[in-house]
file target-v3.cif (mmCIF, C-alpha atoms)
data_work
#
loop_
_atom_site.label_atom_id
_atom_site.label_comp_id
_atom_site.auth_asym_id
_atom_site.auth_seq_id
_atom_site.Cartn_x
_atom_site.Cartn_y
_atom_site.Cartn_z
CA MET A 1 75.45 35.96 -44.01
CA ASN A 2 73.97 34.61 -40.84
CA PRO A 3 71.02 32.17 -41.19
CA PRO A 4 67.64 33.35 -39.82
CA THR A 5 66.89 32.29 -36.29
CA LEU A 6 63.71 30.58 -35.09
CA GLY A 7 62.49 33.70 -33.31
CA SER A 8 62.84 35.84 -36.38
CA HIS A 9 60.95 33.22 -38.41
CA ARG A 10 58.00 33.34 -35.98
CA GLN A 11 58.03 37.09 -36.00
CA ASP A 12 57.85 37.08 -39.78
CA GLN A 13 54.87 34.77 -39.61
CA GLN A 14 53.05 36.88 -37.04
CA ASP A 15 53.59 40.28 -38.66
CA PRO A 16 50.90 41.02 -41.20
CA GLN A 17 52.04 41.55 -44.73
CA PRO A 18 51.21 44.91 -46.12
CA GLY A 19 48.34 44.69 -48.60
CA PRO A 20 48.03 46.29 -51.97
CA PRO A 21 47.70 50.07 -51.99
CA GLU A 22 44.20 49.89 -53.52
CA LYS A 23 42.89 47.66 -50.69
CA ALA A 24 44.39 49.89 -48.05
CA ALA A 25 42.78 52.91 -49.67
CA VAL A 26 39.36 51.24 -49.74
CA THR A 27 39.67 50.23 -46.09
CA SER A 28 40.68 53.74 -45.11
CA HIS A 29 37.74 55.16 -47.10
CA ARG A 30 35.28 52.83 -45.33
CA VAL A 31 36.61 53.74 -41.91
CA SER A 32 36.44 57.44 -42.65
CA GLY A 33 32.90 57.00 -44.06
CA ALA A 34 31.76 55.21 -40.93
CA ARG A 35 33.24 57.95 -38.80
CA ASP A 36 31.46 60.61 -40.87
CA THR A 37 28.14 58.76 -40.54
CA ALA A 38 28.56 58.46 -36.78
CA ALA A 39 29.39 62.16 -36.60
CA VAL A 40 26.29 63.06 -38.62
CA ASN A 41 24.06 60.86 -36.41
CA LEU A 42 25.55 62.39 -33.30
CA GLY A 43 24.94 65.85 -34.73
CA ARG A 44 21.32 64.96 -35.48
CA ARG A 45 20.81 63.61 -31.98
CA ARG A 46 22.24 66.80 -30.53
CA ARG A 47 20.14 68.93 -32.86
CA PHE A 48 16.83 67.09 -32.22
CA GLY A 49 17.56 66.08 -28.64
CA GLY A 50 15.50 68.94 -27.25
CA GLY A 51 12.60 68.21 -29.59
CA GLU A 52 12.57 64.57 -28.60
CA GLY A 53 12.42 65.50 -24.95
CA VAL A 54 9.55 67.91 -25.61
CA PHE A 55 7.65 65.24 -27.55
CA ARG A 56 8.17 62.72 -24.75
CA SER A 57 6.93 65.23 -22.20
CA LEU A 58 3.86 66.06 -24.29
CA SER A 59 3.04 62.36 -24.76
CA THR A 60 3.38 61.67 -21.05
CA GLY A 61 1.34 64.73 -20.18
CA SER A 62 -1.41 63.72 -22.59
CA GLY A 63 -1.64 60.28 -21.02
CA LEU A 64 -1.80 61.76 -17.55
CA MET A 65 -4.42 64.26 -18.71
CA VAL A 66 -6.73 61.41 -19.69
CA LEU A 67 -6.46 59.99 -16.18
CA VAL A 68 -7.09 63.43 -14.68
CA ILE A 69 -10.21 63.89 -16.82
CA ILE A 70 -11.57 60.48 -15.83
CA ALA A 71 -10.93 61.24 -12.16
CA ALA A 72 -12.59 64.65 -12.51
CA ILE A 73 -15.69 63.09 -14.10
CA ALA A 74 -15.90 60.52 -11.31
CA ILE A 75 -15.54 63.20 -8.61
CA PHE A 76 -18.24 65.34 -10.24
CA LEU A 77 -20.68 62.42 -10.51
CA ILE A 78 -20.10 61.34 -6.92
CA ALA A 79 -20.42 64.88 -5.54
CA LYS A 80 -23.73 65.47 -7.37
CA ALA A 81 -25.15 62.00 -6.71
CA ILE A 82 -24.60 61.72 -2.94
CA PRO A 83 -27.20 64.37 -1.90
CA ALA A 84 -29.90 62.74 -4.04
CA ILE A 85 -29.09 59.23 -2.82
CA ARG A 86 -29.34 60.45 0.80
CA THR A 87 -32.91 61.58 0.17
CA ASP A 88 -33.88 58.23 -1.34
CA THR A 89 -36.10 56.25 1.02
CA VAL A 90 -35.45 52.86 -0.66
CA ASN A 91 -32.42 50.91 -1.82
CA PHE A 92 -31.01 52.72 -4.84
CA LEU A 93 -29.46 49.57 -6.33
CA THR A 94 -32.50 47.28 -6.06
CA GLU A 95 -35.53 49.57 -6.48
CA LYS A 96 -37.33 49.39 -9.85
CA THR A 97 -39.47 52.55 -9.74
CA TRP A 98 -38.40 56.13 -10.49
CA PHE A 99 -40.10 58.92 -8.52
CA PRO A 100 -37.21 61.07 -7.23
CA ASP A 101 -39.20 64.32 -7.01
CA SER A 102 -42.11 62.86 -5.05
CA THR A 103 -42.54 63.03 -1.29
CA PRO A 104 -41.00 60.83 -0.04
CA SER A 105 -38.40 60.34 -2.77
CA VAL A 106 -38.43 56.81 -4.24
CA PHE A 107 -36.14 55.78 -7.07
CA GLY A 108 -33.75 53.00 -8.00
CA ILE A 109 -31.46 51.83 -10.76
CA ALA A 110 -32.34 48.12 -11.00
CA ALA A 111 -34.73 48.29 -13.98
CA LEU A 112 -32.59 50.81 -15.85
CA ALA A 113 -29.36 48.85 -15.38
CA TRP A 114 -31.12 45.64 -16.43
CA GLY A 115 -32.47 47.23 -19.61
CA THR A 116 -29.09 48.75 -20.45
CA ILE A 117 -27.25 45.44 -20.12
CA VAL A 118 -29.92 43.38 -21.91
CA THR A 119 -30.21 45.64 -24.96
CA ALA A 120 -26.42 45.96 -25.28
CA ALA A 121 -25.92 42.19 -24.96
CA ILE A 122 -28.57 41.36 -27.57
CA ALA A 123 -27.14 43.99 -29.90
CA LEU A 124 -23.69 42.40 -29.67
CA LEU A 125 -25.12 38.91 -30.21
CA ILE A 126 -26.67 40.15 -33.43
CA ALA A 127 -23.89 42.45 -34.66
CA VAL A 128 -20.64 40.63 -33.83
CA PRO A 129 -21.11 37.47 -36.00
CA ILE A 130 -22.31 39.59 -38.94
CA ALA A 131 -19.46 42.08 -38.50
CA LEU A 132 -16.79 39.37 -38.32
CA GLY A 133 -18.22 37.68 -41.41
CA ILE A 134 -18.17 40.96 -43.34
CA ALA A 135 -14.62 41.71 -42.17
CA LEU A 136 -13.36 38.29 -43.28
CA CYS A 137 -15.12 38.64 -46.61
CA LEU A 138 -13.60 42.07 -47.26
CA SER A 139 -10.09 41.05 -46.18
CA HIS A 140 -9.75 37.53 -47.65
CA TYR A 141 -12.52 36.75 -50.14
CA ALA A 142 -13.78 39.80 -52.02
CA PRO A 143 -11.74 41.37 -54.85
CA ARG A 144 -9.83 44.48 -53.87
CA ARG A 145 -12.09 46.93 -55.73
CA VAL A 146 -15.26 45.37 -54.37
CA ALA A 147 -13.83 45.22 -50.85
CA THR A 148 -12.82 48.89 -51.00
CA ALA A 149 -16.26 49.99 -52.15
CA LEU A 150 -18.15 47.86 -49.62
CA GLY A 151 -15.83 48.92 -46.82
CA PHE A 152 -16.47 52.56 -47.65
CA LEU A 153 -20.24 52.01 -47.59
CA ILE A 154 -20.09 50.20 -44.26
CA ASP A 155 -17.95 52.96 -42.76
CA LEU A 156 -20.61 55.47 -43.79
CA LEU A 157 -22.99 53.87 -41.28
CA ALA A 158 -20.80 55.23 -38.49
CA ALA A 159 -21.40 58.78 -39.77
CA VAL A 160 -25.19 58.54 -39.56
CA PRO A 161 -26.51 60.43 -36.49
CA SER A 162 -28.16 58.32 -33.82
CA ILE A 163 -31.39 60.30 -34.05
CA VAL A 164 -31.74 59.16 -37.67
CA PHE A 165 -31.41 55.54 -36.57
CA GLY A 166 -34.00 56.16 -33.86
CA LEU A 167 -36.51 57.72 -36.25
CA TRP A 168 -35.96 54.98 -38.81
CA GLY A 169 -36.35 52.27 -36.20
CA ARG A 170 -39.54 53.79 -34.76
CA GLU A 171 -41.26 54.57 -38.06
CA TYR A 172 -40.19 51.77 -40.41
CA LEU A 173 -38.60 48.96 -38.41
CA ALA A 174 -41.29 48.68 -35.72
CA GLY A 175 -43.74 46.91 -38.06
CA PRO A 176 -41.41 44.15 -39.27
CA VAL A 177 -40.12 43.61 -35.72
CA SER A 178 -43.72 43.25 -34.48
CA ASP A 179 -44.32 40.57 -37.11
CA LEU A 180 -41.08 38.88 -36.09
CA SER A 181 -42.17 39.01 -32.45
CA GLU A 182 -45.45 37.28 -33.28
CA TRP A 183 -43.57 34.57 -35.16
CA LEU A 184 -41.12 34.08 -32.29
CA HIS A 185 -43.95 33.78 -29.77
CA LYS A 186 -45.84 31.33 -31.99
CA TYR A 187 -42.96 28.91 -32.44
CA LEU A 188 -40.69 29.68 -29.47
CA GLY A 189 -43.17 30.91 -26.90
CA PHE A 190 -42.15 28.21 -24.45
CA LEU A 191 -38.94 30.16 -23.86
CA PRO A 192 -39.12 33.02 -21.33
CA PHE A 193 -37.51 35.40 -23.85
CA PHE A 194 -40.51 35.13 -26.20
CA ALA A 195 -43.36 34.55 -23.75
CA SER A 196 -45.23 37.80 -24.33
CA GLU A 197 -48.57 37.48 -26.13
CA GLY A 198 -48.60 41.13 -27.14
CA PRO A 199 -49.08 43.90 -27.82
CA TYR A 200 -45.83 44.29 -29.76
CA GLY A 201 -44.13 47.53 -30.63
CA LYS A 202 -41.46 49.41 -28.70
CA SER A 203 -39.58 46.54 -27.14
CA PRO A 204 -36.06 45.54 -26.13
CA LEU A 205 -35.83 43.52 -29.36
CA LEU A 206 -36.52 46.62 -31.48
CA GLY A 207 -33.99 48.70 -29.56
CA SER A 208 -31.39 45.93 -29.75
CA ILE A 209 -31.73 45.59 -33.52
CA VAL A 210 -31.25 49.35 -33.95
CA LEU A 211 -28.23 49.20 -31.65
CA ALA A 212 -26.81 46.26 -33.61
CA ILE A 213 -26.93 48.28 -36.83
CA MET A 214 -25.18 51.17 -35.08
CA VAL A 215 -22.46 48.92 -33.62
CA LEU A 216 -21.88 47.03 -36.89
CA PRO A 217 -19.54 49.52 -38.63
CA ILE A 218 -17.30 49.87 -35.57
CA VAL A 219 -16.69 46.14 -35.13
CA THR A 220 -16.42 45.56 -38.89
CA SER A 221 -13.88 48.31 -39.54
CA LEU A 222 -11.54 47.39 -36.69
CA SER A 223 -11.78 43.64 -37.33
CA ARG A 224 -11.04 44.13 -41.03
CA GLU A 225 -7.89 46.09 -40.21
CA VAL A 226 -6.73 43.40 -37.79
CA PHE A 227 -7.38 40.56 -40.24
CA SER A 228 -5.50 42.45 -42.98
CA GLN A 229 -2.41 42.66 -40.76
CA THR A 230 -2.03 38.89 -40.46
CA PRO A 231 1.50 37.96 -41.66
CA LYS A 232 1.45 36.44 -45.13
CA MET A 233 3.97 33.83 -43.99
CA ASN A 234 1.42 32.40 -41.54
CA GLU A 235 -1.27 32.21 -44.20
CA GLU A 236 1.04 30.72 -46.83
CA ALA A 237 2.40 28.19 -44.33
CA ALA A 238 -1.12 26.98 -43.53
CA LEU A 239 -2.00 26.72 -47.22
CA ALA A 240 1.27 24.92 -47.96
CA LEU A 241 0.38 22.27 -45.38
CA GLY A 242 -2.82 21.53 -47.30
CA ALA A 243 -5.32 23.66 -45.39
CA THR A 244 -8.39 24.99 -47.14
CA LYS A 245 -9.20 28.70 -47.19
CA TRP A 246 -11.46 28.41 -44.15
CA GLU A 247 -8.97 26.20 -42.28
CA MET A 248 -6.25 28.76 -42.96
CA ILE A 249 -8.49 31.53 -41.56
CA ARG A 250 -9.41 29.43 -38.53
CA THR A 251 -5.81 28.44 -37.71
CA ALA A 252 -3.82 31.51 -38.79
CA VAL A 253 -6.02 34.60 -39.10
CA LEU A 254 -8.45 34.31 -36.18
CA PRO A 255 -5.85 33.39 -33.51
CA TYR A 256 -3.59 36.21 -34.62
CA GLY A 257 -6.44 38.74 -34.56
CA ARG A 258 -8.12 37.60 -31.34
CA PRO A 259 -6.98 40.60 -29.23
CA GLY A 260 -8.10 42.96 -31.96
CA ILE A 261 -11.49 41.26 -32.12
CA ILE A 262 -11.89 41.63 -28.36
CA ALA A 263 -10.93 45.30 -28.55
CA SER A 264 -13.42 45.98 -31.37
CA VAL A 265 -16.22 44.18 -29.51
CA MET A 266 -15.51 46.19 -26.37
CA LEU A 267 -15.62 49.45 -28.33
CA GLY A 268 -18.94 48.37 -29.81
CA LEU A 269 -20.20 47.48 -26.34
CA GLY A 270 -19.23 50.93 -25.11
CA ARG A 271 -21.25 52.47 -27.95
CA ALA A 272 -24.23 50.24 -27.12
CA LEU A 273 -24.11 50.98 -23.38
CA GLY A 274 -23.98 54.73 -23.85
CA GLU A 275 -26.48 55.14 -26.70
CA THR A 276 -29.21 57.61 -25.80
CA ILE A 277 -31.49 59.01 -28.50
CA ALA A 278 -31.97 55.85 -30.55
CA LEU A 279 -33.08 53.87 -27.49
CA ALA A 280 -35.21 56.74 -26.23
CA MET A 281 -37.21 56.46 -29.47
CA THR A 282 -37.41 52.66 -29.67
CA LEU A 283 -38.04 51.66 -26.04
CA SER A 284 -41.28 52.29 -24.15
CA ALA A 285 -39.60 53.77 -21.03
CA ALA A 286 -41.08 51.10 -18.73
CA PHE A 287 -39.48 50.27 -15.38
CA ASN A 288 -39.56 46.50 -15.20
CA VAL A 289 -37.13 43.60 -14.92
CA SER A 290 -38.12 40.80 -17.24
CA PHE A 291 -36.49 38.21 -19.49
CA ASP A 292 -39.15 38.88 -22.13
CA ILE A 293 -37.64 40.86 -25.01
CA ILE A 294 -40.54 41.01 -27.48
CA GLY A 295 -43.24 42.61 -25.34
CA VAL A 296 -43.71 46.35 -24.95
CA GLY A 297 -41.27 47.59 -22.32
CA GLY A 298 -37.64 48.22 -21.70
CA ASN A 299 -35.61 51.22 -20.67
CA SER A 300 -31.96 52.16 -20.27
CA ILE A 301 -29.92 54.53 -18.14
CA ALA A 302 -28.95 56.84 -21.00
CA ALA A 303 -32.46 56.90 -22.49
CA ASN A 304 -33.99 57.66 -19.09
CA ILE A 305 -31.60 60.60 -18.63
CA ALA A 306 -32.56 61.98 -22.04
CA ASN A 307 -36.28 61.60 -21.40
CA ARG A 308 -36.45 63.01 -17.87
CA PHE A 309 -33.66 65.55 -17.48
CA GLY A 310 -35.67 68.51 -18.84
CA GLU A 311 -38.57 68.09 -16.39
CA ALA A 312 -36.60 66.91 -13.36
CA GLY A 313 -36.26 68.95 -10.18
CA ASP A 314 -33.17 69.30 -8.03
CA THR A 315 -33.52 65.84 -6.51
CA GLY A 316 -34.49 64.38 -9.88
CA ARG A 317 -31.39 65.77 -11.57
CA GLY A 318 -29.26 64.41 -8.76
CA ALA A 319 -30.90 61.01 -9.19
CA LEU A 320 -30.21 61.08 -12.93
CA ILE A 321 -26.58 61.96 -12.24
CA ALA A 322 -26.45 59.04 -9.81
CA SER A 323 -27.70 56.74 -12.58
CA GLY A 324 -25.00 58.20 -14.83
CA LEU A 325 -22.46 57.26 -12.17
CA VAL A 326 -23.69 53.66 -12.36
CA LEU A 327 -23.34 53.70 -16.15
CA PHE A 328 -19.86 55.18 -15.80
CA THR A 329 -18.91 52.38 -13.41
CA ILE A 330 -20.32 49.66 -15.68
CA THR A 331 -18.39 50.99 -18.68
CA LEU A 332 -15.18 51.28 -16.68
CA VAL A 333 -15.47 47.72 -15.36
CA VAL A 334 -16.19 46.34 -18.84
CA ASN A 335 -13.13 48.07 -20.29
CA MET A 336 -10.93 46.85 -17.45
CA ILE A 337 -12.09 43.27 -18.03
CA ALA A 338 -11.36 43.64 -21.74
CA ARG A 339 -7.85 44.95 -21.08
CA ALA A 340 -7.23 42.06 -18.69
CA ILE A 341 -8.29 39.55 -21.36
CA ILE A 342 -6.02 41.17 -23.95
CA TYR A 343 -3.11 41.24 -21.52
CA ARG A 344 -3.49 37.54 -20.77
CA ARG A 345 -3.14 36.91 -24.50
CA ARG A 346 -0.08 39.10 -24.85
CA GLU A 347 1.51 36.68 -27.32
CA PHE A 348 -0.96 38.04 -29.87
CA ARG A 349 -0.79 41.66 -28.80
CA SER A 350 1.09 42.62 -31.95
CA ALA A 351 -2.21 42.20 -33.80
CA LEU A 352 -3.37 45.45 -32.24
#
call {"tool": "encode", "arguments": {"input": "target-v3.cif", "output": "structure tokens"}}
result
Amino acid sequence: MNPPTLGSHRQDQQDPQPGPPEKAAVTSHRVSGARDTAAVNLGRRRRFGGGEGVFRSLSTGSGLMVLVIIAAIAIFLIAKAIPAIRTDTVNFLTEKTWFPDSTPSVFGIAALAWGTIVTAAIALLIAVPIALGIALCLSHYAPRRVATALGFLIDLLAAVPSIVFGLWGREYLAGPVSDLSEWLHKYLGFLPFFASEGPYGKSPLLGSIVLAIMVLPIVTSLSREVFSQTPKMNEEAALALGATKWEMIRTAVLPYGRPGIIASVMLGLGRALGETIALAMTLSAAFNVSFDIIGVGGNSIAANIANRFGEAGDTGRGALIASGLVLFTITLVVNMIARAIIYRRREFRSAL
């Protein structure tokens, strides 16, 4: 019997030894199972491939349709506004009066744009801190049952028609706001915002408070959802390092939800800029540019359109459409700025 050679010894070492029959059977079963799963997935892809393509086409078409609608609105506003602006004998952007149907035609957007921006800004200054406080309370402090009930009640404010807010503000809120205006003038009259000595009534402050109540449910609801999506690991890590409840919220919850907060505030601002009936009932429809917010006065683009469209002539309707074009531009610019801010903070975009 010849002794084994070195080559045969290496070959014996390199050749795998056959395993037990049970192990080989299990391996074969796993391989066949994986092949069956791949075949099923491939069959599903082939079966739903057409549906997926249709869904992608519908989604893309819906997005493009939004752009088409926005472009169509802009074209309509420009086409209707240009003839009226051509008849205007003053500068449309700087004039404060509004007499488009007179001879000669005199009208401008300065006072209306100022009132629109001032009332919306004051409304946000009032509503945003309160809304964020309510959202944090509902998401991190209040018990679940209490938070659910309060959240439902706050969401109901969004379902109240704007005309109801306007009637309530004119009939019941005007008196307390007049008393507040007197108090502000008495103790803070040295500031230009509270310099008016009266009379008090329909004022930018009254309209802004009504707007703040209308904006409150929008900002609260969206902010609460964003705060609730904060990863528990971030919160527990902050608490594990010795942070208090407020320090945890300040270092983990608020930074994570910053893009969502910006988005909710911009949606609230859009509601405030475009509000019509409530401001038409709480402002005095005066055409002036003033820092005073407690005296009788104030007007906005949307409220002016609601008040004057029924009695306006051809030139007057064109002038109102031109003011709507300015409001459309302001809203578009505000939303573009908001999107730019959110994009710059893209590390937190998952909060949306």
call {"tool": "residues_around", "arguments": {"input": "target-v3.cif", "residues": "segment 79-95 of chain A", "least_positions_apart": "2", "cutoff": "12 Å", "atoms": "only C-alpha atoms", "output": "number ranges by chain"}}
result
A: 72-77, 97-114, 287-289, 313-326
call {"tool": "write_last_selection", "arguments": {"input": "target-v3.cif", "atoms": "C-alpha atoms", "output": "PDB file, in the frame of the given file"}}
result
ATOM      1  CA  ALA A  72     -12.590  64.650 -12.510  1.00  0.00           C
ATOM      2  CA  ILE A  73     -15.690  63.090 -14.100  1.00  0.00           C
ATOM      3  CA  ALA A  74     -15.900  60.520 -11.310  1.00  0.00           C
ATOM      4  CA  ILE A  75     -15.540  63.200  -8.610  1.00  0.00           C
ATOM      5  CA  PHE A  76     -18.240  65.340 -10.240  1.00  0.00           C
ATOM      6  CA  LEU A  77     -20.680  62.420 -10.510  1.00  0.00           C
ATOM      7  CA  THR A  97     -39.470  52.550  -9.740  1.00  0.00           C
ATOM      8  CA  TRP A  98     -38.400  56.130 -10.490  1.00  0.00           C
ATOM      9  CA  PHE A  99     -40.100  58.920  -8.520  1.00  0.00           C
ATOM     10  CA  PRO A 100     -37.210  61.070  -7.230  1.00  0.00           C
ATOM     11  CA  ASP A 101     -39.200  64.320  -7.010  1.00  0.00           C
ATOM     12  CA  SER A 102     -42.110  62.860  -5.050  1.00  0.00           C
ATOM     13  CA  THR A 103     -42.540  63.030  -1.290  1.00  0.00           C
ATOM     14  CA  PRO A 104     -41.000  60.830  -0.040  1.00  0.00           C
ATOM     15  CA  SER A 105     -38.400  60.340  -2.770  1.00  0.00           C
ATOM     16  CA  VAL A 106     -38.430  56.810  -4.240  1.00  0.00           C
ATOM     17  CA  PHE A 107     -36.140  55.780  -7.070  1.00  0.00           C
ATOM     18  CA  GLY A 108     -33.750  53.000  -8.000  1.00  0.00           C
ATOM     19  CA  ILE A 109     -31.460  51.830 -10.760  1.00  0.00           C
ATOM     20  CA  ALA A 110     -32.340  48.120 -11.000  1.00  0.00           C
ATOM     21  CA  ALA A 111     -34.730  48.290 -13.980  1.00  0.00           C
ATOM     22  CA  LEU A 112     -32.590  50.810 -15.850  1.00  0.00           C
ATOM     23  CA  ALA A 113     -29.360  48.850 -15.380  1.00  0.00           C
ATOM     24  CA  TRP A 114     -31.120  45.640 -16.430  1.00  0.00           C
ATOM     25  CA  PHE A 287     -39.480  50.270 -15.380  1.00  0.00           C
ATOM     26  CA  ASN A 288     -39.560  46.500 -15.200  1.00  0.00           C
ATOM     27  CA  VAL A 289     -37.130  43.600 -14.920  1.00  0.00           C
ATOM     28  CA  GLY A 313     -36.260  68.950 -10.180  1.00  0.00           C
ATOM     29  CA  ASP A 314     -33.170  69.300  -8.030  1.00  0.00           C
ATOM     30  CA  THR A 315     -33.520  65.840  -6.510  1.00  0.00           C
ATOM     31  CA  GLY A 316     -34.490  64.380  -9.880  1.00  0.00           C
ATOM     32  CA  ARG A 317     -31.390  65.770 -11.570  1.00  0.00           C
ATOM     33  CA  GLY A 318     -29.260  64.410  -8.760  1.00  0.00           C
ATOM     34  CA  ALA A 319     -30.900  61.010  -9.190  1.00  0.00           C
ATOM     35  CA  LEU A 320     -30.210  61.080 -12.930  1.00  0.00           C
ATOM     36  CA  ILE A 321     -26.580  61.960 -12.240  1.00  0.00           C
ATOM     37  CA  ALA A 322     -26.450  59.040  -9.810  1.00  0.00           C
ATOM     38  CA  SER A 323     -27.700  56.740 -12.580  1.00  0.00           C
ATOM     39  CA  GLY A 324     -25.000  58.200 -14.830  1.00  0.00           C
ATOM     40  CA  LEU A 325     -22.460  57.260 -12.170  1.00  0.00           C
ATOM     41  CA  VAL A 326     -23.690  53.660 -12.360  1.00  0.00           C
TER      42      VAL A 326
END
call {"tool": "atom_distance", "arguments": {"input": "target-v3.cif", "atom1": "atom CA of Glu247 of chain A", "atom2": "atom CA of Val128 of chain A"}}
result
20.4 Å
call {"tool": "atom_distance", "arguments": {"input": "target-v3.cif", "atom1": "atom CA of Ala120 of chain A", "atom2": "atom CA of Ser208 of chain A"}}
result
6.7 Å
call {"tool": "atom_distance", "arguments": {"input": "target-v3.cif", "atom1": "atom CA of Lys232 of chain A", "atom2": "atom CA of Cys137 of chain A"}}
result
16.8 Å
call {"tool": "resolve_selection", "arguments": {"input": "target-v3.cif", "expression": "the PyMOL selection byres ((chain A and resi 146-156) around 12)", "output": "PDB file with C-alpha atoms, in the coordinates of the input"}}
result
ATOM      1  CA  ALA A 131     -19.460  42.080 -38.500  1.00  0.00           C
ATOM      2  CA  ILE A 134     -18.170  40.960 -43.340  1.00  0.00           C
ATOM      3  CA  ALA A 135     -14.620  41.710 -42.170  1.00  0.00           C
ATOM      4  CA  LEU A 136     -13.360  38.290 -43.280  1.00  0.00           C
ATOM      5  CA  CYS A 137     -15.120  38.640 -46.610  1.00  0.00           C
ATOM      6  CA  LEU A 138     -13.600  42.070 -47.260  1.00  0.00           C
ATOM      7  CA  SER A 139     -10.090  41.050 -46.180  1.00  0.00           C
ATOM      8  CA  HIS A 140      -9.750  37.530 -47.650  1.00  0.00           C
ATOM      9  CA  TYR A 141     -12.520  36.750 -50.140  1.00  0.00           C
ATOM     10  CA  ALA A 142     -13.780  39.800 -52.020  1.00  0.00           C
ATOM     11  CA  PRO A 143     -11.740  41.370 -54.850  1.00  0.00           C
ATOM     12  CA  ARG A 144      -9.830  44.480 -53.870  1.00  0.00           C
ATOM     13  CA  ARG A 145     -12.090  46.930 -55.730  1.00  0.00           C
ATOM     14  CA  LEU A 157     -22.990  53.870 -41.280  1.00  0.00           C
ATOM     15  CA  ALA A 158     -20.800  55.230 -38.490  1.00  0.00           C
ATOM     16  CA  ALA A 159     -21.400  58.780 -39.770  1.00  0.00           C
ATOM     17  CA  VAL A 160     -25.190  58.540 -39.560  1.00  0.00           C
ATOM     18  CA  PRO A 161     -26.510  60.430 -36.490  1.00  0.00           C
ATOM     19  CA  ILE A 213     -26.930  48.280 -36.830  1.00  0.00           C
ATOM     20  CA  MET A 214     -25.180  51.170 -35.080  1.00  0.00           C
ATOM     21  CA  VAL A 215     -22.460  48.920 -33.620  1.00  0.00           C
ATOM     22  CA  LEU A 216     -21.880  47.030 -36.890  1.00  0.00           C
ATOM     23  CA  PRO A 217     -19.540  49.520 -38.630  1.00  0.00           C
ATOM     24  CA  ILE A 218     -17.300  49.870 -35.570  1.00  0.00           C
ATOM     25  CA  VAL A 219     -16.690  46.140 -35.130  1.00  0.00           C
ATOM     26  CA  THR A 220     -16.420  45.560 -38.890  1.00  0.00           C
ATOM     27  CA  SER A 221     -13.880  48.310 -39.540  1.00  0.00           C
ATOM     28  CA  LEU A 222     -11.540  47.390 -36.690  1.00  0.00           C
ATOM     29  CA  SER A 223     -11.780  43.640 -37.330  1.00  0.00           C
ATOM     30  CA  ARG A 224     -11.040  44.130 -41.030  1.00  0.00           C
ATOM     31  CA  GLU A 225      -7.890  46.090 -40.210  1.00  0.00           C
ATOM     32  CA  SER A 228      -5.500  42.450 -42.980  1.00  0.00           C
TER      33      SER A 228
END
call {"tool": "resolve_selection", "arguments": {"input": "target-v3.cif", "expression": "the PyMOL selection byres ((chain A and resi 300) around 7)", "output": "PyMOL selection string"}}
result
chain A and resi 112-113+115-116+299+301-304
call {"tool": "closest_residue", "arguments": {"input": "target-v3.cif", "among": "A:Val226, A:Ala280, A:Ala174, A:Met336", "to": "Ile294 of chain A", "atoms": "only C-alpha atoms"}}
result
A:Ala174
call {"tool": "residues_around", "arguments": {"input": "target-v3.cif", "residues": "Pro204 of chain A", "least_positions_apart": "2", "cutoff": "9 Å", "atoms": "all atoms listed in the file", "output": "mmCIF file with C-alpha atoms, in the coordinates of the input"}}
result
data_model
loop_
_atom_site.group_PDB
_atom_site.id
_atom_site.type_symbol
_atom_site.label_atom_id
_atom_site.label_comp_id
_atom_site.auth_asym_id
_atom_site.auth_seq_id
_atom_site.Cartn_x
_atom_site.Cartn_y
_atom_site.Cartn_z
ATOM 1 C CA GLY A 115 -32.470 47.230 -19.610
ATOM 2 C CA VAL A 118 -29.920 43.380 -21.910
ATOM 3 C CA THR A 119 -30.210 45.640 -24.960
ATOM 4 C CA ILE A 122 -28.570 41.360 -27.570
ATOM 5 C CA LYS A 202 -41.460 49.410 -28.700
ATOM 6 C CA LEU A 206 -36.520 46.620 -31.480
ATOM 7 C CA GLY A 207 -33.990 48.700 -29.560
ATOM 8 C CA SER A 208 -31.390 45.930 -29.750
ATOM 9 C CA ILE A 209 -31.730 45.590 -33.520
ATOM 10 C CA LEU A 279 -33.080 53.870 -27.490
ATOM 11 C CA THR A 282 -37.410 52.660 -29.670
ATOM 12 C CA LEU A 283 -38.040 51.660 -26.040
ATOM 13 C CA SER A 284 -41.280 52.290 -24.150
ATOM 14 C CA ASP A 292 -39.150 38.880 -22.130
ATOM 15 C CA ILE A 293 -37.640 40.860 -25.010
ATOM 16 C CA ILE A 294 -40.540 41.010 -27.480
ATOM 17 C CA GLY A 295 -43.240 42.610 -25.340
ATOM 18 C CA VAL A 296 -43.710 46.350 -24.950
ATOM 19 C CA GLY A 297 -41.270 47.590 -22.320
ATOM 20 C CA GLY A 298 -37.640 48.220 -21.700
ATOM 21 C CA ASN A 299 -35.610 51.220 -20.670
#
call {"tool": "resolve_selection", "arguments": {"input": "target-v3.cif", "expression": "the PyMOL selection byres ((chain A and resi 270-273) around 7)", "output": "list in words"}}
result
Thr116, Ala120, Leu211, Val215, Met266, Leu267, Gly268, Leu269, Gly274, Glu275 and Thr331 of chain A
call {"tool": "closest_residue", "arguments": {"input": "target-v3.cif", "among": "A:Ala263, A:Ala127, A:Ile70, A:Val177", "to": "Val334 of chain A", "atoms": "all atoms listed in the file"}}
result
A:Ala263
